[in-house]
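Please read the structure below before turning to the comments.
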Amino acid sequence: MNFPRLFALLLVLVAGLARPLAGWANHIFIPMDNTQKEHLKAYGAAYWLLGKQVEVDWLLNYRGGAFACDVVAGAENELAVRGVSYQVISEAQYTSILSEIADPNANMDVMKLEKVPKIAVYTPKGKQPWDDAVTMVLAYAEIPYTQIYDDEVLRGDLPKYDWLHLHHEDFTGQYGKFYANYRSRPWYQQQQRDAEAAAKRNGFTKVSQMKGAVTVKMQEFIAGGGFLFAMCSATDSYDIALAGLGVDMVETMYDGDAADPAAQSKLNFNRTLAFQNFQLRMNPYEYEYSNIDMDPRERGVYEDNDYFQLFNFSAKYDPVPTMLTQNHERTVHGFMGQTTAFRKQLIKPDVVTMGENKASGEVRYMHGTLGKGTWTFYGGHDPEDYQHLVEEEPTDLSLHPNSPGYRLILNNILFPAAKKKKQKT
């Protein structure tokens with residue numbers, strides 16, 4: 001018998017009996033400020049409510065981006081079991097909150113969440129446990145997802161999903177540029193065998209060609225109305241692959257022949273989502289793809305002083321970036337990755353910067369649109385492991401239930417659930 005869960009259910013029943021007037025308390029309010037004990041699991045609770053066909057109000061900029069919904073059967077039990085802080089409030093109390101939010105002078109708004117987003121994570125079946133923060137936080141928040149990879153993308157499965165995450169990926173076909181340090185590791189060798197087999201299976205002579213075709217399918221997914229989210233090397237390597245479609249940018253140990261010495265001059269920046277005018281790093285032994293990523297030696301920050309600031313957007317006029325930056329902290333501790341931070345001068349002018357270290361000239365979190373859809377890039381690998389070396393154990397998120405850095409990932413998870421509003425500007 002699960003005694004902790006049973007005890008939590010009994011507490012909820014006792015609390016329910018203690019209420020004098022059940023009809024008087026008919027809204028569940030989930031704060032997301034510093035009073036919340038389980039920020040990350042609160043997103044999973046909101047997702048669970050949507051799965052029960054319960055409409056959820058996302059109260060943008062109100063108490064850290066709080067959630068609210070009608071009282072429904074089983075909701076309080078679920079919140080208690082998950083350890084999520086909540087209150088049951090009256091109609092009058094909720095009306096007062098909505099009135100405060102509606103004040104034209106208040107930078108707040110209500111976003112209706114109406115549907116359960118269908119989530120796909122682009123990740124290999126042999127993924128190592130240190131590979132991906134998103135799958136870790138989805139598991140911790142108890143949000144279900146479907147794992148897909150190159151075969152599924154190339155056969156046209158992406159339109160089945162609303163939201164696509166790209167794990168720590170190398171879309172240039174250079175296996176993460178791990179050759180110098182890890183080529184003798186069994187996991188590296190297996191990764192290469194798997195990728196080459198997938199390329200052959202899908203009719204490509206090189207892995208780099210297959211990855212280029214995958215990036216095009218993903219771009220079509222965005223343009224058709226999809227939501228794409230990427231972290232770490234899946235950000236810059238994605239744009240590099242798009243810019244270099246049809247160009248041999250990789251050396252012999254990766255694809256069996258030498259790179260085109262004129263590859264740089266053949267890049268087409270009109271194809272990319274976020275970056276332009278970047279310079280390739282074609283040395284196969286260098287753990288870097290281009291100059292998009294800020295060099296650690298020029299950043300001027302270390303673990304104790306590495307922070308970035310989230311931008312404040314108008315909730316009533318710019319709801320999309322407002323949703324994506326909901327947090328109980330506006331200053332977020334930085335964290336490294338193969339791609340840690342984006343060089344500001346290489347970002348296209350129409351991209352929306354949502355988090356940056358202005359003093360270092362680096363962007364950490366940004367967003368853009370393509371056709372009917374959107375994309376979000378987030379620099380760094382693991383928000384709660386500053387350096388997160390290859391072959392380290394995965395982070396235990398039960399030690400970080402209030403992580404501001406992980407909240408940014410989960411904002412993106414709920415974003416596709418939002419009811420579309422007409423732009424006011």
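Within each chain, counting starts at residue 1; across the structure tokens, chains are named A, B, ... in the order shown, with ligands numbered 1 upward in that order.
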
What lies within 12 Å of Gly173 of chain A using only C-alpha atoms, ignoring chain neighbours under 4 positions off, as number ranges by chain? A: 169, 177-179, 191-192, 195-196, 199, 205-215, 234, 237-238, 240-241, 244-245, 247-256, 284, 289

Residues from last step as file, N, CA and C atoms, as a compact mmCIF listing (two decimals), in the first residue's frame:
```txt
# COMPACT_ATOMS: atom_id res chain seq x y z
N GLU A 169 21.45 18.10 -29.57
CA GLU A 169 21.61 17.47 -30.87
C GLU A 169 22.66 18.21 -31.69
N LYS A 177 30.78 16.80 -32.26
CA LYS A 177 32.21 17.15 -32.28
C LYS A 177 32.92 16.59 -31.05
N PHE A 178 32.54 15.37 -30.68
CA PHE A 178 33.16 14.69 -29.54
C PHE A 178 34.37 13.84 -29.96
N TYR A 179 34.72 13.89 -31.23
CA TYR A 179 35.74 12.98 -31.76
C TYR A 179 37.06 13.06 -30.99
N GLN A 191 26.64 5.55 -31.31
CA GLN A 191 25.91 6.70 -31.86
C GLN A 191 26.22 6.86 -33.35
N GLN A 192 27.49 6.73 -33.71
CA GLN A 192 27.86 6.88 -35.11
C GLN A 192 27.26 5.75 -35.96
N ALA A 195 23.53 6.38 -36.45
CA ALA A 195 23.25 7.50 -37.35
C ALA A 195 23.51 7.11 -38.80
N GLU A 196 24.59 6.40 -39.04
CA GLU A 196 24.90 5.98 -40.41
C GLU A 196 23.87 4.99 -40.93
N ALA A 199 20.77 6.99 -41.85
CA ALA A 199 20.96 7.70 -43.12
C ALA A 199 20.75 6.76 -44.31
N THR A 205 23.43 9.20 -48.41
CA THR A 205 24.78 8.63 -48.38
C THR A 205 25.58 9.14 -47.18
N LYS A 206 25.16 10.26 -46.58
CA LYS A 206 25.87 10.83 -45.44
C LYS A 206 24.89 11.23 -44.35
N VAL A 207 25.35 11.15 -43.11
CA VAL A 207 24.53 11.59 -41.97
C VAL A 207 24.24 13.08 -42.07
N SER A 208 25.22 13.87 -42.49
CA SER A 208 25.02 15.31 -42.60
C SER A 208 23.89 15.64 -43.57
N GLN A 209 23.76 14.87 -44.66
CA GLN A 209 22.68 15.10 -45.62
C GLN A 209 21.33 14.77 -44.99
N MET A 210 21.28 13.67 -44.24
CA MET A 210 20.03 13.31 -43.57
C MET A 210 19.62 14.36 -42.56
N LYS A 211 20.57 14.84 -41.75
CA LYS A 211 20.25 15.85 -40.74
C LYS A 211 19.77 17.15 -41.40
N GLY A 212 20.34 17.49 -42.54
CA GLY A 212 19.86 18.67 -43.27
C GLY A 212 18.41 18.51 -43.69
N ALA A 213 18.05 17.33 -44.18
CA ALA A 213 16.66 17.07 -44.57
C ALA A 213 15.73 17.12 -43.36
N VAL A 214 16.21 16.65 -42.21
CA VAL A 214 15.43 16.71 -40.98
C VAL A 214 15.15 18.15 -40.57
N THR A 215 16.17 19.02 -40.67
CA THR A 215 15.96 20.43 -40.30
C THR A 215 14.91 21.09 -41.19
N ALA A 234 21.49 22.14 -29.97
CA ALA A 234 20.40 21.98 -30.94
C ALA A 234 19.95 23.33 -31.49
N SER A 237 23.52 24.54 -34.03
CA SER A 237 23.77 23.53 -35.06
C SER A 237 22.59 23.40 -36.02
N TYR A 238 21.38 23.68 -35.52
CA TYR A 238 20.19 23.66 -36.37
C TYR A 238 20.29 24.72 -37.46
N ILE A 240 22.98 26.31 -38.45
CA ILE A 240 24.15 26.05 -39.30
C ILE A 240 23.80 25.02 -40.38
N ALA A 241 23.06 23.99 -39.99
CA ALA A 241 22.65 22.97 -40.97
C ALA A 241 21.75 23.57 -42.04
N GLY A 244 23.79 25.68 -44.41
CA GLY A 244 24.72 24.91 -45.21
C GLY A 244 24.10 23.76 -45.97
N LEU A 245 22.81 23.82 -46.25
CA LEU A 245 22.17 22.75 -47.02
C LEU A 245 22.89 22.55 -48.35
N VAL A 247 25.99 21.82 -48.74
CA VAL A 247 27.41 22.18 -48.63
C VAL A 247 28.10 21.17 -47.72
N ASP A 248 29.25 20.66 -48.12
CA ASP A 248 30.01 19.72 -47.27
C ASP A 248 30.81 20.53 -46.26
N MET A 249 30.34 20.57 -45.02
CA MET A 249 30.98 21.36 -43.96
C MET A 249 31.77 20.50 -42.99
N VAL A 250 31.83 19.16 -43.20
CA VAL A 250 32.41 18.28 -42.20
C VAL A 250 33.58 17.48 -42.77
N GLU A 251 34.51 17.14 -41.87
CA GLU A 251 35.75 16.51 -42.29
C GLU A 251 35.64 14.98 -42.39
N THR A 252 36.74 14.39 -42.84
CA THR A 252 36.78 12.98 -43.25
C THR A 252 36.31 12.02 -42.16
N MET A 253 36.72 12.22 -40.91
CA MET A 253 36.37 11.26 -39.85
C MET A 253 34.87 11.21 -39.58
N TYR A 254 34.14 12.20 -40.09
CA TYR A 254 32.70 12.24 -39.87
C TYR A 254 31.90 11.70 -41.05
N ASP A 255 32.40 11.92 -42.28
CA ASP A 255 31.59 11.49 -43.43
C ASP A 255 32.39 10.81 -44.54
N GLY A 256 33.69 10.54 -44.30
CA GLY A 256 34.47 9.78 -45.27
C GLY A 256 35.18 10.57 -46.33
N PRO A 284 37.99 19.83 -36.97
CA PRO A 284 37.22 18.70 -36.43
C PRO A 284 37.56 18.37 -34.98
N TYR A 289 31.02 24.70 -33.04
CA TYR A 289 30.53 24.67 -34.42
C TYR A 289 30.78 25.98 -35.17
```

Report as number ranges by chain all protein, DNA and RNA residues lying within 8 Å of Ile292 of chain A, evaluated on only C-alpha atoms, omitting residues in the same chain fewer than 2 positions from it. A: 236, 275, 278-279, 290, 294, 342-343, 346

Within 7 Å of Asn327 of chain A, counting only C-alpha atoms, which residues show up once you throw out same-chain ones fewer than 3 positions away? Write them as JSON, numbers by chain, please. {"A": [64, 65, 330, 404, 407]}

Near Cys69 of chain A, counting only C-alpha atoms, which residues have an atom at most 9 Å away, once you skip same-chain residues fewer than 3 positions from it, shown as a short mmCIF file (atom, residue, chain, number, x, y, z; two decimals) with all heavy atoms, in the first residue's frame?
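As a result, around.cif now contains:
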```
data_model
loop_
_atom_site.label_atom_id
_atom_site.label_comp_id
_atom_site.auth_asym_id
_atom_site.auth_seq_id
_atom_site.Cartn_x
_atom_site.Cartn_y
_atom_site.Cartn_z
N ASN A 26 -15.26 28.02 -4.67
CA ASN A 26 -15.44 27.28 -5.90
C ASN A 26 -14.37 27.54 -6.97
O ASN A 26 -14.60 27.30 -8.13
CB ASN A 26 -16.82 27.54 -6.48
CG ASN A 26 -17.06 29.02 -6.77
OD1 ASN A 26 -16.21 29.85 -6.45
ND2 ASN A 26 -18.20 29.33 -7.34
N HIS A 27 -13.22 28.02 -6.56
CA HIS A 27 -12.09 28.17 -7.48
C HIS A 27 -10.83 27.63 -6.82
O HIS A 27 -10.60 27.87 -5.63
CB HIS A 27 -11.87 29.63 -7.88
CG HIS A 27 -12.91 30.16 -8.81
ND1 HIS A 27 -12.89 29.97 -10.17
CD2 HIS A 27 -14.04 30.86 -8.56
CE1 HIS A 27 -13.94 30.54 -10.73
NE2 HIS A 27 -14.67 31.08 -9.77
N ILE A 28 -10.03 26.93 -7.61
CA ILE A 28 -8.71 26.51 -7.14
C ILE A 28 -7.69 27.52 -7.64
O ILE A 28 -7.66 27.86 -8.83
CB ILE A 28 -8.36 25.11 -7.66
CG1 ILE A 28 -9.27 24.07 -7.02
CG2 ILE A 28 -6.90 24.77 -7.40
CD1 ILE A 28 -9.10 22.67 -7.58
N PHE A 29 -6.88 28.02 -6.72
CA PHE A 29 -5.86 29.02 -7.04
C PHE A 29 -4.49 28.42 -6.72
O PHE A 29 -4.25 27.97 -5.59
CB PHE A 29 -6.09 30.30 -6.23
CG PHE A 29 -5.03 31.34 -6.42
CD1 PHE A 29 -5.02 32.14 -7.56
CD2 PHE A 29 -4.02 31.52 -5.48
CE1 PHE A 29 -4.03 33.09 -7.75
CE2 PHE A 29 -3.04 32.47 -5.66
CZ PHE A 29 -3.04 33.26 -6.79
N ILE A 30 -3.60 28.41 -7.72
CA ILE A 30 -2.26 27.84 -7.57
C ILE A 30 -1.25 28.97 -7.70
O ILE A 30 -0.97 29.43 -8.81
CB ILE A 30 -1.99 26.75 -8.63
CG1 ILE A 30 -3.06 25.66 -8.57
CG2 ILE A 30 -0.59 26.16 -8.45
CD1 ILE A 30 -2.99 24.66 -9.71
N LEU A 49 -4.97 18.94 -15.42
CA LEU A 49 -6.30 19.56 -15.46
C LEU A 49 -6.80 19.70 -16.89
O LEU A 49 -7.95 19.40 -17.19
CB LEU A 49 -6.26 20.92 -14.77
CG LEU A 49 -6.14 20.90 -13.24
CD1 LEU A 49 -5.71 22.26 -12.71
CD2 LEU A 49 -7.48 20.48 -12.61
N VAL A 54 -10.59 20.50 -18.22
CA VAL A 54 -10.81 21.64 -17.34
C VAL A 54 -10.05 22.84 -17.90
O VAL A 54 -8.84 22.76 -18.11
CB VAL A 54 -10.33 21.35 -15.90
CG1 VAL A 54 -10.53 22.57 -15.00
CG2 VAL A 54 -11.05 20.13 -15.33
N GLU A 55 -10.74 23.93 -18.16
CA GLU A 55 -10.08 25.14 -18.64
C GLU A 55 -9.28 25.77 -17.50
O GLU A 55 -9.78 25.93 -16.38
CB GLU A 55 -11.10 26.14 -19.18
CG GLU A 55 -10.48 27.35 -19.85
CD GLU A 55 -11.53 28.27 -20.44
OE1 GLU A 55 -11.99 29.18 -19.70
OE2 GLU A 55 -11.91 28.07 -21.60
N VAL A 56 -8.04 26.13 -17.77
CA VAL A 56 -7.15 26.72 -16.76
C VAL A 56 -6.84 28.16 -17.14
O VAL A 56 -6.53 28.45 -18.30
CB VAL A 56 -5.84 25.91 -16.66
CG1 VAL A 56 -4.88 26.57 -15.67
CG2 VAL A 56 -6.12 24.47 -16.25
N ASP A 57 -6.97 29.05 -16.17
CA ASP A 57 -6.55 30.44 -16.36
C ASP A 57 -5.09 30.58 -15.96
O ASP A 57 -4.71 30.21 -14.84
CB ASP A 57 -7.39 31.39 -15.50
CG ASP A 57 -8.81 31.55 -16.00
OD1 ASP A 57 -9.09 31.11 -17.13
OD2 ASP A 57 -9.63 32.12 -15.26
N VAL A 72 -13.10 21.06 -9.37
CA VAL A 72 -13.63 19.88 -10.06
C VAL A 72 -13.23 18.64 -9.27
O VAL A 72 -12.27 18.64 -8.50
CB VAL A 72 -13.11 19.79 -11.51
CG1 VAL A 72 -13.63 20.92 -12.36
CG2 VAL A 72 -11.59 19.75 -11.54
#
```

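Residues of segment 57-130 of chain A carrying a DSSP assignment of strand (DSSP E or B), computed from the backbone, are Asp57, Trp58, Leu59, Leu60, Ala66, Phe67, Ala68, Cys69, Asp70, Gln87, Val88, Ile89, Ser90, Asp109, Val110, Met111, Lys112, Leu113, Ile119, Ala120, Val121 and Tyr122 of chain A.
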
Output N, CA and C atoms for every residue in the selection just made, as a short mmCIF file (atom, residue, chain, number, x, y, z; two decimals), in the first residue's frame.
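Output saved as out_2.cif:
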```cif
data_model
loop_
_atom_site.label_atom_id
_atom_site.label_comp_id
_atom_site.auth_asym_id
_atom_site.auth_seq_id
_atom_site.Cartn_x
_atom_site.Cartn_y
_atom_site.Cartn_z
N ASP A 57 -6.97 29.05 -16.17
CA ASP A 57 -6.55 30.44 -16.36
C ASP A 57 -5.09 30.58 -15.96
N TRP A 58 -4.29 31.11 -16.87
CA TRP A 58 -2.89 31.43 -16.54
C TRP A 58 -2.87 32.93 -16.27
N LEU A 59 -2.62 33.31 -15.03
CA LEU A 59 -2.68 34.70 -14.60
C LEU A 59 -1.31 35.34 -14.79
N LEU A 60 -1.11 35.89 -15.97
CA LEU A 60 0.20 36.39 -16.36
C LEU A 60 0.63 37.57 -15.49
N ALA A 66 0.46 32.77 -11.75
CA ALA A 66 -0.38 31.79 -11.07
C ALA A 66 -1.35 31.10 -12.03
N PHE A 67 -1.88 29.96 -11.58
CA PHE A 67 -2.91 29.23 -12.32
C PHE A 67 -4.20 29.22 -11.49
N ALA A 68 -5.34 29.16 -12.18
CA ALA A 68 -6.63 29.07 -11.49
C ALA A 68 -7.60 28.28 -12.36
N CYS A 69 -8.53 27.60 -11.69
CA CYS A 69 -9.56 26.86 -12.41
C CYS A 69 -10.74 26.65 -11.48
N ASP A 70 -11.85 26.19 -12.04
CA ASP A 70 -13.00 25.82 -11.21
C ASP A 70 -12.65 24.60 -10.36
N GLN A 87 -4.81 27.00 -3.00
CA GLN A 87 -5.88 27.47 -2.12
C GLN A 87 -7.21 27.27 -2.83
N VAL A 88 -8.27 27.06 -2.06
CA VAL A 88 -9.63 27.09 -2.60
C VAL A 88 -10.23 28.41 -2.18
N ILE A 89 -10.65 29.20 -3.18
CA ILE A 89 -11.14 30.55 -2.91
C ILE A 89 -12.56 30.72 -3.44
N SER A 90 -13.23 31.73 -2.93
CA SER A 90 -14.63 31.98 -3.30
C SER A 90 -14.73 32.69 -4.64
N ASP A 109 -2.47 40.00 -17.19
CA ASP A 109 -3.56 39.58 -18.06
C ASP A 109 -3.90 38.13 -17.75
N VAL A 110 -5.05 37.69 -18.26
CA VAL A 110 -5.48 36.31 -18.10
C VAL A 110 -5.38 35.61 -19.45
N MET A 111 -4.65 34.50 -19.48
CA MET A 111 -4.56 33.69 -20.69
C MET A 111 -5.29 32.37 -20.44
N LYS A 112 -6.26 32.08 -21.28
CA LYS A 112 -7.03 30.85 -21.15
C LYS A 112 -6.25 29.69 -21.77
N LEU A 113 -6.05 28.65 -20.99
CA LEU A 113 -5.45 27.42 -21.49
C LEU A 113 -6.58 26.43 -21.72
N ILE A 119 2.96 16.51 -27.25
CA ILE A 119 4.38 16.83 -27.14
C ILE A 119 5.23 15.72 -27.75
N ALA A 120 6.18 16.12 -28.59
CA ALA A 120 7.17 15.20 -29.14
C ALA A 120 8.55 15.68 -28.74
N VAL A 121 9.41 14.75 -28.40
CA VAL A 121 10.81 15.06 -28.09
C VAL A 121 11.68 14.34 -29.11
N TYR A 122 12.43 15.12 -29.86
CA TYR A 122 13.35 14.57 -30.86
C TYR A 122 14.62 14.12 -30.12
#
```

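Note that atom CA of Asn357 of chain A and atom CA of Ala243 of chain A are 26.6 Å apart.
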
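Across A:Gln338, A:Thr146, A:Gln326, A:Ser184, the tightest approach to Tyr43 of chain A is made by A:Gln326 when counting only C-alpha atoms.
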